[in-house]
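Shown next: model-v2.cif, containing mmCIF, C-alpha atoms.
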data_protein
loop_
_atom_site.label_atom_id
_atom_site.label_comp_id
_atom_site.auth_asym_id
_atom_site.auth_seq_id
_atom_site.Cartn_x
_atom_site.Cartn_y
_atom_site.Cartn_z
CA MET W 1 11.65 18.24 5.50
CA ARG W 2 12.78 20.26 8.50
CA LYS W 3 10.10 22.12 10.34
CA ARG W 4 10.69 25.73 11.20
CA SER W 5 10.65 26.52 14.90
CA TYR W 6 8.77 29.66 15.92
CA GLY W 7 8.75 31.41 19.25
CA PRO W 8 5.48 32.08 21.04
CA ASP W 9 5.28 35.65 19.63
CA LEU W 10 4.77 35.59 15.85
CA THR W 11 4.04 39.31 15.54
CA PRO W 12 6.19 40.84 12.81
CA PRO W 13 8.78 43.27 14.20
CA TRP W 14 7.29 46.22 12.28
CA LYS W 15 3.96 45.69 14.02
CA LYS W 16 5.34 45.46 17.54
CA GLN W 17 4.85 48.51 19.75
CA LYS W 18 7.97 50.10 21.13
CA PRO W 19 8.10 50.42 24.91
CA ALA W 20 6.83 53.81 25.98
CA PRO W 21 9.06 55.91 28.22
CA GLU W 22 8.17 55.86 31.89
CA VAL W 23 7.46 59.30 33.31
CA PRO W 24 7.08 59.92 37.06
CA VAL W 25 3.72 61.57 37.67
CA GLU W 26 3.77 65.14 39.02
CA SER W 27 1.14 67.54 40.30
CA ASP W 28 -0.22 69.89 37.57
CA MET W 29 1.28 67.74 34.80
CA VAL W 30 -1.12 67.97 31.82
CA VAL W 31 -1.75 64.63 30.05
CA GLU W 32 -4.36 63.04 27.82
CA GLU W 33 -5.80 59.59 28.46
CA VAL W 34 -5.36 57.68 25.17
CA THR W 35 -8.61 55.68 25.26
CA THR W 36 -11.11 58.43 26.11
CA GLY W 37 -9.22 61.51 24.97
CA PHE W 38 -9.87 63.11 28.36
CA CYS W 39 -7.25 65.82 28.90
CA GLY W 40 -6.50 67.35 32.24
CA ALA W 41 -3.97 68.26 34.89
CA VAL W 42 -2.84 65.74 37.48
CA VAL W 43 -4.37 66.59 40.86
CA ARG W 44 -3.42 63.42 42.75
CA TRP W 45 -2.31 59.82 42.43
CA GLU W 46 -2.68 56.89 44.75
CA LYS W 47 -2.33 53.16 45.13
CA THR W 48 -5.52 51.07 45.09
CA ALA W 49 -6.36 47.37 45.27
CA GLU W 50 -6.56 47.34 41.46
CA GLY W 51 -3.27 49.15 41.06
CA PRO W 52 -2.06 52.75 40.89
CA VAL W 53 -4.48 55.37 39.58
CA VAL W 54 -4.24 59.04 38.70
CA THR W 55 -6.92 61.72 38.94
CA LEU W 56 -7.08 64.31 36.14
CA GLU W 57 -8.98 67.62 36.20
CA ASP W 58 -9.95 69.33 32.92
CA ARG W 59 -10.40 73.04 32.28
CA PHE W 60 -14.06 72.81 33.36
CA LEU W 61 -12.90 71.46 36.77
CA LYS W 62 -14.32 68.03 35.99
CA GLN W 63 -12.30 65.22 37.50
CA ARG W 64 -11.87 61.63 36.32
CA VAL W 65 -9.81 58.74 37.67
CA PHE W 66 -7.77 56.55 35.32
CA PRO W 67 -5.56 53.50 35.91
CA MET W 68 -1.88 54.12 35.27
CA THR W 69 -1.60 51.48 32.57
CA PRO W 70 1.37 51.06 30.23
CA ARG W 71 1.18 53.43 27.22
CA GLY W 72 -1.96 54.89 28.76
CA PHE W 73 -1.35 58.63 28.33
CA LEU W 74 -0.13 61.27 25.92
CA LEU W 75 2.32 63.83 27.24
CA GLU W 76 3.11 66.67 24.84
CA GLY W 77 1.92 64.49 21.99
CA ARG W 78 3.94 61.37 22.77
CA VAL W 79 2.77 58.13 24.31
CA VAL W 80 4.09 57.56 27.80
CA THR W 81 3.60 55.29 30.80
CA LEU W 82 2.92 57.21 33.96
CA VAL W 83 4.56 55.76 37.08
CA ARG W 84 4.54 56.73 40.72
CA PRO W 85 7.49 58.95 41.68
CA ALA W 86 10.28 57.31 43.60
CA VAL W 87 10.15 57.93 47.32
CA ALA W 88 13.39 59.49 48.52
CA ALA W 89 14.98 57.69 51.43
CA PRO W 90 14.94 59.83 54.57
CA ARG W 91 18.24 61.54 55.15
CA PRO W 92 19.91 61.07 58.50
CA PRO W 93 20.29 64.28 60.48
CA ALA W 94 23.43 66.26 59.75
CA ARG W 95 26.17 65.91 62.32
CA THR W 96 28.88 68.21 63.59
CA ALA W 97 32.50 67.10 63.61
CA SER W 98 32.01 65.94 67.22
CA GLY W 99 29.09 63.68 66.22
CA SER W 100 26.38 65.92 67.70
CA VAL W 101 23.21 66.64 65.74
CA ALA W 102 23.83 69.84 63.76
CA VAL W 103 21.51 72.81 64.28
CA PRO W 104 21.30 74.62 60.90
CA GLY W 105 21.27 78.39 61.19
CA ALA W 106 21.93 78.39 64.93
CA ARG W 107 23.61 81.52 66.22
CA ALA W 108 26.51 81.49 68.61
CA ARG W 109 25.38 81.94 72.17
CA VAL W 110 26.67 84.83 74.25
CA ALA W 111 29.79 83.59 76.01
CA ARG W 112 29.28 82.01 79.42
CA ALA W 113 31.27 83.06 82.44
CA GLY W 114 32.63 79.52 82.60
CA ARG W 115 35.71 78.63 80.57
CA ILE W 116 37.70 75.67 79.34
CA TYR W 117 41.49 75.93 79.45
CA VAL W 118 43.79 73.65 77.46
CA GLU W 119 47.53 73.36 77.77
CA GLY W 120 48.69 74.81 74.46
CA ARG W 121 47.80 76.33 71.12
CA HIS W 122 47.77 72.96 69.36
CA ASP W 123 45.32 71.62 71.94
CA ALA W 124 43.06 74.64 71.39
CA GLU W 125 43.16 74.23 67.59
CA LEU W 126 42.28 70.54 67.82
CA VAL W 127 39.37 71.20 70.19
CA GLU W 128 38.10 73.91 67.83
CA ARG W 129 38.42 71.59 64.83
CA VAL W 130 36.20 68.91 66.37
CA TRP W 131 34.02 70.68 68.96
CA GLY W 132 33.90 74.23 67.59
CA ASP W 133 30.24 74.13 66.50
CA ASP W 134 29.13 72.67 69.82
CA LEU W 135 31.11 75.21 71.83
CA ARG W 136 29.64 78.17 69.96
CA ILE W 137 26.09 76.93 70.49
CA GLU W 138 26.82 76.42 74.19
CA GLY W 139 28.66 79.74 74.52
CA VAL W 140 31.85 78.16 75.85
CA VAL W 141 35.16 79.92 75.25
CA VAL W 142 38.37 77.87 75.07
CA GLU W 143 41.66 79.48 76.12
CA TYR W 144 45.11 77.97 76.42
CA LEU W 145 47.80 77.99 79.07
CA GLU W 146 51.43 78.64 78.31
CA GLY W 147 52.17 75.73 80.63
CA VAL W 148 50.56 73.73 83.40
CA ASP W 149 52.83 75.47 85.94
CA ASP W 150 50.72 78.60 85.49
CA LEU W 151 47.48 76.82 86.37
CA PRO W 152 47.27 77.69 90.12
CA ALA W 153 47.67 81.41 89.40
CA ILE W 154 45.09 81.26 86.61
CA VAL W 155 42.56 79.54 88.85
CA ASP W 156 43.10 82.14 91.58
CA GLY W 157 42.64 84.98 89.11
CA PHE W 158 39.58 83.40 87.51
CA ALA W 159 37.79 83.00 90.86
CA PRO W 160 35.53 80.11 89.81
CA GLY W 161 32.05 79.72 91.29
CA PRO W 162 28.75 77.90 90.67
CA ASP W 163 27.90 80.28 87.79
CA ALA W 164 31.46 80.41 86.43
CA ARG W 165 32.92 76.95 86.37
CA LEU W 166 36.40 76.25 85.11
CA GLY W 167 37.37 73.12 83.18
CA VAL W 168 40.99 72.28 82.37
CA LEU W 169 42.46 69.76 79.92
CA VAL W 170 46.03 68.72 80.75
CA ASP W 171 48.52 66.71 78.68
CA HIS W 172 50.15 63.59 80.15
CA LEU W 173 47.98 63.48 83.26
CA VAL W 174 49.23 60.23 84.81
CA PRO W 175 49.62 59.26 88.50
CA GLY W 176 52.74 60.63 90.15
CA SER W 177 53.47 63.22 87.48
CA LYS W 178 53.94 66.95 88.03
CA GLU W 179 50.71 67.50 86.15
CA SER W 180 48.76 65.25 88.52
CA ARG W 181 50.11 67.08 91.59
CA ILE W 182 49.11 70.48 90.21
CA ALA W 183 45.69 69.15 89.18
CA ALA W 184 45.03 67.88 92.70
CA GLU W 185 46.01 71.29 94.13
CA VAL W 186 43.43 73.28 92.13
CA THR W 187 40.55 70.80 91.76
CA GLY W 188 37.37 71.76 93.63
CA ASP W 189 33.59 71.94 93.36
CA ASP W 190 33.80 74.49 90.56
CA VAL W 191 37.09 73.42 89.00
CA LEU W 192 37.50 70.19 87.06
CA VAL W 193 40.91 69.11 85.78
CA VAL W 194 41.01 66.15 83.42
CA GLY W 195 43.70 64.89 81.13
CA HIS W 196 44.82 62.33 78.60
CA PRO W 197 47.81 59.97 78.96
CA TYR W 198 49.68 61.23 75.90
CA ILE W 199 52.95 63.15 76.09
CA ASP W 200 51.51 65.68 73.65
CA ILE W 201 48.15 66.30 71.99
CA TRP W 202 49.67 65.06 68.71
CA GLU W 203 49.39 61.51 70.02
CA ALA W 204 45.64 61.92 70.59
CA VAL W 205 45.21 61.82 66.79
CA LYS W 206 44.92 58.27 65.52
CA PRO W 207 48.05 57.19 63.60
CA SER W 208 45.88 55.72 60.85
CA SER W 209 44.33 59.14 60.24
CA VAL W 210 47.77 60.72 59.89
CA GLY W 211 48.91 57.91 57.60
CA ILE W 212 51.56 56.44 59.89
CA PRO W 213 51.71 52.97 61.49
CA ALA W 214 52.21 54.34 65.03
CA TRP W 215 53.53 57.30 66.94
CA PRO W 216 57.27 56.73 67.44
CA THR W 217 58.92 56.41 70.84
CA VAL W 218 61.27 59.31 71.48
CA PRO W 219 64.20 58.74 73.90
CA ARG W 220 64.22 60.79 77.11
CA GLY W 221 66.17 64.00 76.89
CA GLN W 222 65.09 64.79 73.34
CA ASP W 223 62.43 67.31 72.37
CA TRP W 224 59.46 65.04 71.74
CA LYS W 225 58.01 66.82 68.73
CA THR W 226 61.36 67.19 67.00
CA GLY W 227 62.09 63.53 67.74
CA VAL W 228 58.78 62.51 66.16
CA CYS W 229 59.62 64.44 63.00
CA ARG W 230 63.04 62.78 62.80
CA ALA W 231 61.66 59.29 63.37
CA LEU W 232 58.97 59.75 60.73
CA GLY W 233 61.35 61.29 58.22
CA TRP W 234 59.48 64.59 58.22
CA PRO W 235 61.25 67.96 57.98
CA GLU W 236 62.19 69.14 61.47
CA ASN W 237 59.61 71.91 61.38
CA THR W 238 57.16 71.23 64.19
CA GLY W 239 54.76 73.96 63.02
CA ALA W 240 54.46 72.41 59.57
CA ALA W 241 54.20 68.96 61.13
CA TRP W 242 51.29 70.07 63.29
CA GLN W 243 49.45 71.54 60.32
CA ARG W 244 49.87 68.19 58.58
CA ILE W 245 48.45 66.37 61.62
CA LEU W 246 45.61 68.84 62.16
CA GLY W 247 44.69 68.66 58.48
CA SER W 248 44.17 64.90 58.84
CA VAL W 249 41.41 65.41 61.43
CA GLY W 250 37.93 65.64 59.96
CA SER W 251 35.82 64.52 62.90
CA TYR W 252 35.83 62.79 66.26
CA LYS W 253 36.49 59.51 64.44
CA ASP W 254 40.09 60.62 63.90
CA LEU W 255 40.76 61.02 67.64
CA GLU W 256 41.56 58.53 70.37
CA PRO W 257 38.74 57.75 72.86
CA ALA W 258 40.98 58.82 75.76
CA LEU W 259 40.71 62.41 74.52
CA LEU W 260 37.09 62.34 73.31
CA GLY W 261 35.64 61.43 76.68
CA ARG W 262 37.66 64.06 78.53
CA VAL W 263 36.61 66.95 76.32
CA GLU W 264 32.94 65.93 76.46
CA GLU W 265 33.27 65.74 80.25
CA LEU W 266 34.61 69.30 80.43
CA ILE W 267 31.85 70.69 78.18
CA ASP W 268 29.20 69.02 80.35
CA PHE W 269 30.86 70.37 83.50
CA VAL W 270 31.03 74.03 82.48
CA THR W 271 27.52 74.04 80.95
CA ALA W 272 25.74 72.25 83.82
CA PRO W 273 23.02 74.44 85.40
#
structure tokens encoding of this file:
Amino acid sequence: MRKRSYGPDLTPPWKKQKPAPEVPVESDMVVEEVTTGFCGAVVRWEKTAEGPVVTLEDRFLKQRVFPMTPRGFLLEGRVVTLVRPAVAAPRPPARTASGSVAVPGARARVARAGRIYVEGRHDAELVERVWGDDLRIEGVVVEYLEGVDDLPAIVDGFAPGPDARLGVLVDHLVPGSKESRIAAEVTGDDVLVVGHPYIDIWEAVKPSSVGIPAWPTVPRGQDWKTGVCRALGWPENTGAAWQRILGSVGSYKDLEPALLGRVEELIDFVTAP
């Protein structure tokens, strides 16, 4: 005769208790302890050497401490297991697009006398996209040149001084270029001219952010922006192309380091006491 094999638990299924729902304990939650019938509002909970406990206070302001055992309490007439609430992980501080710690509710500062000039409208829009929050808090206004040839006249008219410093961001600032000669002419104690090596600010946006393998090489003699559109198979509308590029920039992570460091340098220069 074959012997029947039984598991360790021979309790019939109809006699087994169903698991009680776990309910995170909350202040002022009214529960009843199932063994004693003590009913009260939760005033605190804590971890002890014997395990977690909860303190209840009844309507006569009498307090009692009970262990938070499984199926130990009634909540709105149903058996529950009280558990400690999950501890939320601390959130990292919010960041601006430039990576600075955001200051919620901060108002824009009254504009400083100092200014930052960039070479064109696209440059100004890109700086605003990434550093706009920082610039408003610091009270720094960004303006753009129509061309680097106008820089000496602008510096003369601005009349920079210790309380009104001028910072300038120039495209394609490489040794021996026209831009480098003009920069050397106007640079002084209260004027800082920095630049990036790119032909145009478009190239300061990482190709991967734009969704292209690389910025194309455009032969000399061709308009660079139009040549880029042709090489990439985009419509030859440089305004639309720029909006496509600008729209791909969400933060400093989408820009090349050669631009990031220069803009931060200019902000530090014009805001230095």
Name all residues at most 12 Å from Ala183 (chain W) (count all atoms listed in the file; drop same-chain ones fewer than 2 positions away) and give them as a VMD selection string. chain W and resid 148 to 152 155 167 to 181 185 to 188 191 to 195
Residues selected by the PyMOL selection byres ((chain W and resi 43-54) around 6), written as number ranges by chain: W: 27, 42, 55-56, 65-68
Write out as a ChimeraX atom specification the residues lying within 8 Å of Leu75 (chain W), counting all atoms listed in the file and excluding same-chain residues fewer than 6 positions away. /W:30-32
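Distance-wise, CA of Ile201 (chain W) and CA of Glu143 (chain W) end up 15.3 Å apart.
Nearest to Val34 (chain W) of all the residues W:Phe73, W:Arg64, W:Leu82, W:Ser100 is W:Phe73, based on only C-alpha atoms.
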Determine the residue membership of the PyMOL selection byres ((chain W and resi 224-228) around 12) for the file above and supply it as an MDAnalysis selection string. chainID W and resid 122 198:203 212 214:223 229:242 245
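Minimum atom-to-atom distance to Glu146 (chain W), evaluated using all atoms listed in the file, belongs to W:Val118 out of W:Val118, W:Asp189, W:Val87, W:Cys39.
Residue nearest Arg129 (chain W) within the list W:Ala272, W:Leu255, W:Val110, W:Ile182: W:Leu255 [criterion: smallest interatomic distance, all atoms listed in the file].
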Write out as a ChimeraX atom specification which residues come within 10 Å of Asp134 (chain W) when counting only C-alpha atoms, dropping same-chain ones fewer than 6 positions away. /W:96-103,108,128,140,267
Missing atoms in region 237-267 of chain W: fill them in up to N, CA and C atoms and send the result as a PDB file, keeping the file's coordinate frame.
ATOM      1  N   ASN W 237      60.375  70.660  61.230  1.00  0.00           N
ATOM      2  CA  ASN W 237      59.610  71.910  61.380  1.00  0.00           C
ATOM      3  C   ASN W 237      58.326  71.526  62.094  1.00  0.00           C
ATOM      4  N   THR W 238      58.299  71.726  63.413  1.00  0.00           N
ATOM      5  CA  THR W 238      57.160  71.230  64.190  1.00  0.00           C
ATOM      6  C   THR W 238      55.870  71.971  63.848  1.00  0.00           C
ATOM      7  N   GLY W 239      55.975  73.238  63.428  1.00  0.00           N
ATOM      8  CA  GLY W 239      54.760  73.960  63.020  1.00  0.00           C
ATOM      9  C   GLY W 239      54.133  73.347  61.788  1.00  0.00           C
ATOM     10  N   ALA W 240      54.964  73.049  60.788  1.00  0.00           N
ATOM     11  CA  ALA W 240      54.460  72.410  59.570  1.00  0.00           C
ATOM     12  C   ALA W 240      53.942  71.006  59.857  1.00  0.00           C
ATOM     13  N   ALA W 241      54.645  70.307  60.770  1.00  0.00           N
ATOM     14  CA  ALA W 241      54.200  68.960  61.130  1.00  0.00           C
ATOM     15  C   ALA W 241      52.827  68.997  61.771  1.00  0.00           C
ATOM     16  N   TRP W 242      52.597  69.975  62.642  1.00  0.00           N
ATOM     17  CA  TRP W 242      51.290  70.070  63.290  1.00  0.00           C
ATOM     18  C   TRP W 242      50.187  70.381  62.274  1.00  0.00           C
ATOM     19  N   GLN W 243      50.461  71.250  61.335  1.00  0.00           N
ATOM     20  CA  GLN W 243      49.450  71.540  60.320  1.00  0.00           C
ATOM     21  C   GLN W 243      49.113  70.288  59.507  1.00  0.00           C
ATOM     22  N   ARG W 244      50.115  69.462  59.277  1.00  0.00           N
ATOM     23  CA  ARG W 244      49.870  68.190  58.580  1.00  0.00           C
ATOM     24  C   ARG W 244      48.983  67.280  59.424  1.00  0.00           C
ATOM     25  N   ILE W 245      49.243  67.231  60.722  1.00  0.00           N
ATOM     26  CA  ILE W 245      48.450  66.370  61.620  1.00  0.00           C
ATOM     27  C   ILE W 245      47.040  66.915  61.753  1.00  0.00           C
ATOM     28  N   LEU W 246      46.930  68.225  61.993  1.00  0.00           N
ATOM     29  CA  LEU W 246      45.610  68.840  62.160  1.00  0.00           C
ATOM     30  C   LEU W 246      44.774  68.689  60.896  1.00  0.00           C
ATOM     31  N   GLY W 247      45.410  68.801  59.747  1.00  0.00           N
ATOM     32  CA  GLY W 247      44.690  68.660  58.480  1.00  0.00           C
ATOM     33  C   GLY W 247      44.137  67.265  58.258  1.00  0.00           C
ATOM     34  N   SER W 248      44.660  66.277  58.992  1.00  0.00           N
ATOM     35  CA  SER W 248      44.170  64.900  58.840  1.00  0.00           C
ATOM     36  C   SER W 248      42.943  64.621  59.703  1.00  0.00           C
ATOM     37  N   VAL W 249      42.546  65.593  60.522  1.00  0.00           N
ATOM     38  CA  VAL W 249      41.410  65.410  61.430  1.00  0.00           C
ATOM     39  C   VAL W 249      40.164  66.022  60.796  1.00  0.00           C
ATOM     40  N   GLY W 250      39.191  65.161  60.513  1.00  0.00           N
ATOM     41  CA  GLY W 250      37.930  65.640  59.960  1.00  0.00           C
ATOM     42  C   GLY W 250      36.787  65.587  60.950  1.00  0.00           C
ATOM     43  N   SER W 251      36.884  64.669  61.909  1.00  0.00           N
ATOM     44  CA  SER W 251      35.820  64.520  62.900  1.00  0.00           C
ATOM     45  C   SER W 251      36.361  63.768  64.109  1.00  0.00           C
ATOM     46  N   TYR W 252      35.463  63.520  65.047  1.00  0.00           N
ATOM     47  CA  TYR W 252      35.830  62.790  66.260  1.00  0.00           C
ATOM     48  C   TYR W 252      36.376  61.396  65.948  1.00  0.00           C
ATOM     49  N   LYS W 253      36.037  60.852  64.799  1.00  0.00           N
ATOM     50  CA  LYS W 253      36.490  59.510  64.440  1.00  0.00           C
ATOM     51  C   LYS W 253      38.007  59.435  64.269  1.00  0.00           C
ATOM     52  N   ASP W 254      38.638  60.593  64.089  1.00  0.00           N
ATOM     53  CA  ASP W 254      40.090  60.620  63.900  1.00  0.00           C
ATOM     54  C   ASP W 254      40.850  60.764  65.215  1.00  0.00           C
ATOM     55  N   LEU W 255      40.119  60.828  66.349  1.00  0.00           N
ATOM     56  CA  LEU W 255      40.760  61.020  67.640  1.00  0.00           C
ATOM     57  C   LEU W 255      40.633  59.784  68.521  1.00  0.00           C
ATOM     58  N   GLU W 256      41.567  59.651  69.444  1.00  0.00           N
ATOM     59  CA  GLU W 256      41.560  58.530  70.370  1.00  0.00           C
ATOM     60  C   GLU W 256      40.455  58.731  71.429  1.00  0.00           C
ATOM     61  N   PRO W 257      39.795  57.643  71.844  1.00  0.00           N
ATOM     62  CA  PRO W 257      38.740  57.750  72.860  1.00  0.00           C
ATOM     63  C   PRO W 257      39.190  58.409  74.153  1.00  0.00           C
ATOM     64  N   ALA W 258      40.477  58.248  74.513  1.00  0.00           N
ATOM     65  CA  ALA W 258      40.980  58.820  75.760  1.00  0.00           C
ATOM     66  C   ALA W 258      40.886  60.340  75.771  1.00  0.00           C
ATOM     67  N   LEU W 259      40.891  60.964  74.592  1.00  0.00           N
ATOM     68  CA  LEU W 259      40.710  62.410  74.520  1.00  0.00           C
ATOM     69  C   LEU W 259      39.233  62.768  74.372  1.00  0.00           C
ATOM     70  N   LEU W 260      38.507  62.029  73.569  1.00  0.00           N
ATOM     71  CA  LEU W 260      37.090  62.340  73.310  1.00  0.00           C
ATOM     72  C   LEU W 260      36.296  62.452  74.606  1.00  0.00           C
ATOM     73  N   GLY W 261      36.434  61.442  75.449  1.00  0.00           N
ATOM     74  CA  GLY W 261      35.640  61.430  76.680  1.00  0.00           C
ATOM     75  C   GLY W 261      35.978  62.578  77.601  1.00  0.00           C
ATOM     76  N   ARG W 262      37.258  62.987  77.620  1.00  0.00           N
ATOM     77  CA  ARG W 262      37.660  64.060  78.530  1.00  0.00           C
ATOM     78  C   ARG W 262      37.105  65.412  78.083  1.00  0.00           C
ATOM     79  N   VAL W 263      37.136  65.674  76.798  1.00  0.00           N
ATOM     80  CA  VAL W 263      36.610  66.950  76.320  1.00  0.00           C
ATOM     81  C   VAL W 263      35.100  67.027  76.532  1.00  0.00           C
ATOM     82  N   GLU W 264      34.395  65.943  76.239  1.00  0.00           N
ATOM     83  CA  GLU W 264      32.940  65.930  76.460  1.00  0.00           C
ATOM     84  C   GLU W 264      32.635  66.143  77.948  1.00  0.00           C
ATOM     85  N   GLU W 265      33.457  65.583  78.804  1.00  0.00           N
ATOM     86  CA  GLU W 265      33.270  65.740  80.250  1.00  0.00           C
ATOM     87  C   GLU W 265      33.424  67.206  80.645  1.00  0.00           C
ATOM     88  N   LEU W 266      34.401  67.884  80.092  1.00  0.00           N
ATOM     89  CA  LEU W 266      34.610  69.300  80.430  1.00  0.00           C
ATOM     90  C   LEU W 266      33.456  70.164  79.927  1.00  0.00           C
ATOM     91  N   ILE W 267      32.967  69.892  78.713  1.00  0.00           N
ATOM     92  CA  ILE W 267      31.850  70.690  78.180  1.00  0.00           C
ATOM     93  C   ILE W 267      30.619  70.517  79.066  1.00  0.00           C
TER      94      ILE W 267
END
